[in-house]
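Visitor: Shown below is the structure under consideration.
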Amino acid sequence: MNKVALVTGGTRGIGRSITDGFLQAGYHVVAVARREPVGDLGGAQFFTADLREPEAVEGMMEQVLASLGRLDVLVNNAGGSPFALAAEASPNFHDKVIRLNLLAPLHCAQAANRIMQAQDEGGVIINIASVSGLRPSPGTAAYGAAKAGLISLSRSLAVEWAPKVRMNAIAAGLVRTKDSEAHYGGSEGLARVAATVPLGRMAEPHDVASLCVFLASEKAAYLSGSCLELHGGGEAPAFLAAARGED
């Protein structure tokens with residue numbers, strides 16, 4: 001019987017690549033999002049839920065269990081935040097960002113854990129965090145704080161829920177999606193941003209997907225409570241460019 005993987009935010013962008021990665025690895029995949037997907041999901045099953053609502057999360061997990069009978073992998077991918085300076089953003093804005101990027105993954109993980117603990121094989125939970133949770137995140141301060149919390153949460157729950165459930169986080173760096181060019185001011189801006197990465201390019205969504213599939217596999221059977229940084233070598237310190245007189 002195929003193992004079951006659930007990917008939140010699994011219908012577009014990085015999440016869609018994660019969905020495709022698990023399909024290619026032979027999993028039965030459930031992609032969850034608030035809105036109906038545009039186009040075919042390549043064989044994945046779609047469930048709709050607003051993950052910011054705990055009751056919706058519980059209902060969705062009950063549907064998955066009733067429909068498929070098990071849950072082997074949860075990837076908490078849904079998240080994000082628009083740019084907003086912290087001094088100008090409203091309390092409601094900050095509340096929504098933290099609910100989506102920290103509380104929603106917690107609620108999904110709790111519901112998934114209850115299923116996985118009852119299975120002989122247990123399960124795997126993967127939280128998609130961000131380098132914003134490891135360094136300053138000006139313009140997305142609440143997002144960075146939530147992702148830092150998600151990394152801490154991953155480490156704590158890896159202890160609480162072992163040995164049945166393995167949990168890890170991925171601190172993703174810059175990832176190129178179809179919206180990247182517009183976000184960074186066109187193709188030239190995108191190229192300049194990519195040049196700041198030591199490996200010379202931004203991550204592609206499939207890079208994140210490949211790491212997720214690895215973390216769910218037996219090859220990562222002793223890996224739990226870790227935060228893997230997927231950033232192509234990180235960012236060169238700004239003082240180096242300043243010392244060279246570069247803009």
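Order determines the names: the first chain of the structure tokens is A, the second B, and so forth; residues in each chain are numbered 1 upward, and ligands are numbered 1 upward as they are shown.
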Can you check which residues of segment 67-205 of chain A DSSP gives as alpha helix (DSSP H) on the backbone and send them as a PyMOL selection string?
Guide: chain A and resi 67-68+91-98+104-117+141-160+180-183+187-195+205
Visitor: Which residues come within 7 Å of segment 145-156 of chain A, counting only C-alpha atoms, excluding same-chain residues fewer than 5 positions away, as a count of residues only?
Guide: 14
Visitor: Which residues come within 12 Å of Ile115 of chain A, counting only C-alpha atoms, excluding same-chain residues fewer than 5 positions away, as a list in words?
Guide: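 Skipping anything fewer than 5 positions along the chain leaves Val4, Glu58, Met61, Glu62, Val64, Leu65, Ala66, Leu68, Gly69, Arg70, Leu71, Asp72, Val73, Leu74, Cys108, Ala109, Gln110, Asp120, Glu121, Gly122, Gly123, Val124, Ile125, Trp161, Lys164 and Val165 of chain A.
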Visitor: Can those selected residues be exported to a file as a PDB file, in the first residue's frame so that it contains N, CA and C atoms?
Guide:
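Result went into selection.pdb, see below:
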ATOM      1  N   VAL A   4       1.034   7.709   2.522  1.00  0.00           N
ATOM      2  CA  VAL A   4       0.251   8.925   2.294  1.00  0.00           C
ATOM      3  C   VAL A   4       1.028  10.131   2.798  1.00  0.00           C
ATOM      4  N   GLU A  58      -8.834  20.134  12.086  1.00  0.00           N
ATOM      5  CA  GLU A  58      -9.342  18.868  12.616  1.00  0.00           C
ATOM      6  C   GLU A  58     -10.248  18.177  11.606  1.00  0.00           C
ATOM      7  N   MET A  61      -8.151  16.721   8.701  1.00  0.00           N
ATOM      8  CA  MET A  61      -7.430  15.508   9.080  1.00  0.00           C
ATOM      9  C   MET A  61      -8.370  14.318   9.228  1.00  0.00           C
ATOM     10  N   GLU A  62      -9.572  14.560   9.740  1.00  0.00           N
ATOM     11  CA  GLU A  62     -10.555  13.488   9.843  1.00  0.00           C
ATOM     12  C   GLU A  62     -10.947  12.971   8.462  1.00  0.00           C
ATOM     13  N   VAL A  64      -9.023  13.050   5.764  1.00  0.00           N
ATOM     14  CA  VAL A  64      -7.881  12.299   5.243  1.00  0.00           C
ATOM     15  C   VAL A  64      -7.869  10.886   5.814  1.00  0.00           C
ATOM     16  N   LEU A  65      -8.059  10.763   7.116  1.00  0.00           N
ATOM     17  CA  LEU A  65      -8.042   9.451   7.757  1.00  0.00           C
ATOM     18  C   LEU A  65      -9.201   8.588   7.278  1.00  0.00           C
ATOM     19  N   ALA A  66     -10.382   9.193   7.141  1.00  0.00           N
ATOM     20  CA  ALA A  66     -11.549   8.431   6.686  1.00  0.00           C
ATOM     21  C   ALA A  66     -11.377   7.980   5.244  1.00  0.00           C
ATOM     22  N   LEU A  68      -8.338   7.735   3.415  1.00  0.00           N
ATOM     23  CA  LEU A  68      -7.123   7.004   3.063  1.00  0.00           C
ATOM     24  C   LEU A  68      -6.646   6.038   4.145  1.00  0.00           C
ATOM     25  N   GLY A  69      -7.175   6.194   5.361  1.00  0.00           N
ATOM     26  CA  GLY A  69      -6.884   5.222   6.408  1.00  0.00           C
ATOM     27  C   GLY A  69      -5.566   5.403   7.131  1.00  0.00           C
ATOM     28  N   ARG A  70      -4.744   6.354   6.720  1.00  0.00           N
ATOM     29  CA  ARG A  70      -3.448   6.532   7.356  1.00  0.00           C
ATOM     30  C   ARG A  70      -2.855   7.885   6.938  1.00  0.00           C
ATOM     31  N   LEU A  71      -1.770   8.272   7.627  1.00  0.00           N
ATOM     32  CA  LEU A  71      -1.009   9.461   7.252  1.00  0.00           C
ATOM     33  C   LEU A  71       0.437   9.209   7.651  1.00  0.00           C
ATOM     34  N   ASP A  72       1.306   9.194   6.667  1.00  0.00           N
ATOM     35  CA  ASP A  72       2.717   8.884   6.909  1.00  0.00           C
ATOM     36  C   ASP A  72       3.608  10.114   6.963  1.00  0.00           C
ATOM     37  N   VAL A  73       3.260  11.136   6.194  1.00  0.00           N
ATOM     38  CA  VAL A  73       4.096  12.330   6.115  1.00  0.00           C
ATOM     39  C   VAL A  73       3.210  13.567   6.093  1.00  0.00           C
ATOM     40  N   LEU A  74       3.560  14.543   6.902  1.00  0.00           N
ATOM     41  CA  LEU A  74       2.943  15.869   6.838  1.00  0.00           C
ATOM     42  C   LEU A  74       4.038  16.867   6.499  1.00  0.00           C
ATOM     43  N   CYS A 108      -1.760  21.671  12.697  1.00  0.00           N
ATOM     44  CA  CYS A 108      -1.666  20.553  11.750  1.00  0.00           C
ATOM     45  C   CYS A 108      -0.805  19.433  12.319  1.00  0.00           C
ATOM     46  N   ALA A 109       0.309  19.810  12.945  1.00  0.00           N
ATOM     47  CA  ALA A 109       1.208  18.810  13.521  1.00  0.00           C
ATOM     48  C   ALA A 109       0.524  18.040  14.650  1.00  0.00           C
ATOM     49  N   GLN A 110      -0.234  18.753  15.493  1.00  0.00           N
ATOM     50  CA  GLN A 110      -0.938  18.075  16.580  1.00  0.00           C
ATOM     51  C   GLN A 110      -1.919  17.036  16.039  1.00  0.00           C
ATOM     52  N   ASP A 120       1.700   1.670  13.590  1.00  0.00           N
ATOM     53  CA  ASP A 120       2.910   0.919  13.925  1.00  0.00           C
ATOM     54  C   ASP A 120       4.154   1.608  13.369  1.00  0.00           C
ATOM     55  N   GLU A 121       4.018   2.175  12.161  1.00  0.00           N
ATOM     56  CA  GLU A 121       5.166   2.796  11.492  1.00  0.00           C
ATOM     57  C   GLU A 121       5.403   4.234  11.924  1.00  0.00           C
ATOM     58  N   GLY A 122       4.507   4.814  12.712  1.00  0.00           N
ATOM     59  CA  GLY A 122       4.661   6.212  13.112  1.00  0.00           C
ATOM     60  C   GLY A 122       4.502   7.143  11.931  1.00  0.00           C
ATOM     61  N   GLY A 123       5.366   8.149  11.846  1.00  0.00           N
ATOM     62  CA  GLY A 123       5.251   9.105  10.754  1.00  0.00           C
ATOM     63  C   GLY A 123       6.342  10.160  10.802  1.00  0.00           C
ATOM     64  N   VAL A 124       6.293  11.044   9.825  1.00  0.00           N
ATOM     65  CA  VAL A 124       7.301  12.094   9.669  1.00  0.00           C
ATOM     66  C   VAL A 124       6.594  13.430   9.463  1.00  0.00           C
ATOM     67  N   ILE A 125       7.053  14.462  10.164  1.00  0.00           N
ATOM     68  CA  ILE A 125       6.529  15.813   9.979  1.00  0.00           C
ATOM     69  C   ILE A 125       7.693  16.718   9.576  1.00  0.00           C
ATOM     70  N   TRP A 161       7.482  13.869  20.825  1.00  0.00           N
ATOM     71  CA  TRP A 161       6.731  12.868  20.069  1.00  0.00           C
ATOM     72  C   TRP A 161       7.566  11.677  19.607  1.00  0.00           C
ATOM     73  N   LYS A 164       7.963   7.595  17.848  1.00  0.00           N
ATOM     74  CA  LYS A 164       7.042   7.286  16.754  1.00  0.00           C
ATOM     75  C   LYS A 164       7.120   8.310  15.624  1.00  0.00           C
ATOM     76  N   VAL A 165       7.306   9.576  15.983  1.00  0.00           N
ATOM     77  CA  VAL A 165       7.268  10.639  14.980  1.00  0.00           C
ATOM     78  C   VAL A 165       8.614  11.336  14.898  1.00  0.00           C
TER      79      VAL A 165
END
Visitor: Name all residues at most 8 Å from segment 21-34 of chain A (count only C-alpha atoms; drop same-chain ones fewer than 4 positions away) and give them as number ranges by chain.
Guide: A: 2-11, 17, 42-51, 64, 78, 206, 209-210, 213
Visitor: Return as a list in words the full set of residues in segment 13-143 of chain A whose backbone-based DSSP assignment is strand (DSSP E).
Guide: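 Secondary structure check on segment 13-143 of chain A, strand (DSSP E): His28, Val29, Val30, Ala31, Val32, Ala33, Gln45, Phe46, Phe47, Thr48, Val73, Leu74, Val75, Asn76, Gly123, Val124, Ile125, Ile126, Asn127, Ile128, Ala129 and Ser130 of chain A.
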Visitor: Can you tell me how far atom CA of Arg201 of chain A sits from atom CA of Arg176 of chain A, in Å to one decimal?
Guide: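 That distance, rounded to one decimal, is 8.9 Å.
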Visitor: Within 8 Å of Glu229 of chain A, counting only C-alpha atoms, which residues qualify if same-chain residues fewer than 6 places away don't, as a list of chain:residue names?
Guide: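 Final neighbour list, sorted by chain and number: A:Val131, A:Ile170, A:Ala171, A:Ala172, A:Gly173.
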Visitor: Generate a file of the selected residues that holds C-alpha atoms, formatted as a tab-separated table (two decimals), in the first residue's frame.
Guide:
chain	number	residue	atom	x	y	z
A	131	VAL	CA	16.34	31.77	6.76
A	170	ILE	CA	13.94	23.23	6.52
A	171	ALA	CA	15.22	26.81	6.66
A	172	ALA	CA	14.80	27.71	3.00
A	173	GLY	CA	16.69	30.63	1.51
Visitor: Between atom CA of Ile14 of chain A and atom CA of Val208 of chain A, what is the distance, to one decimal in Å?
Guide: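 Interatomic distance, atom CA of Ile14 of chain A to atom CA of Val208 of chain A: 7.2 Å.
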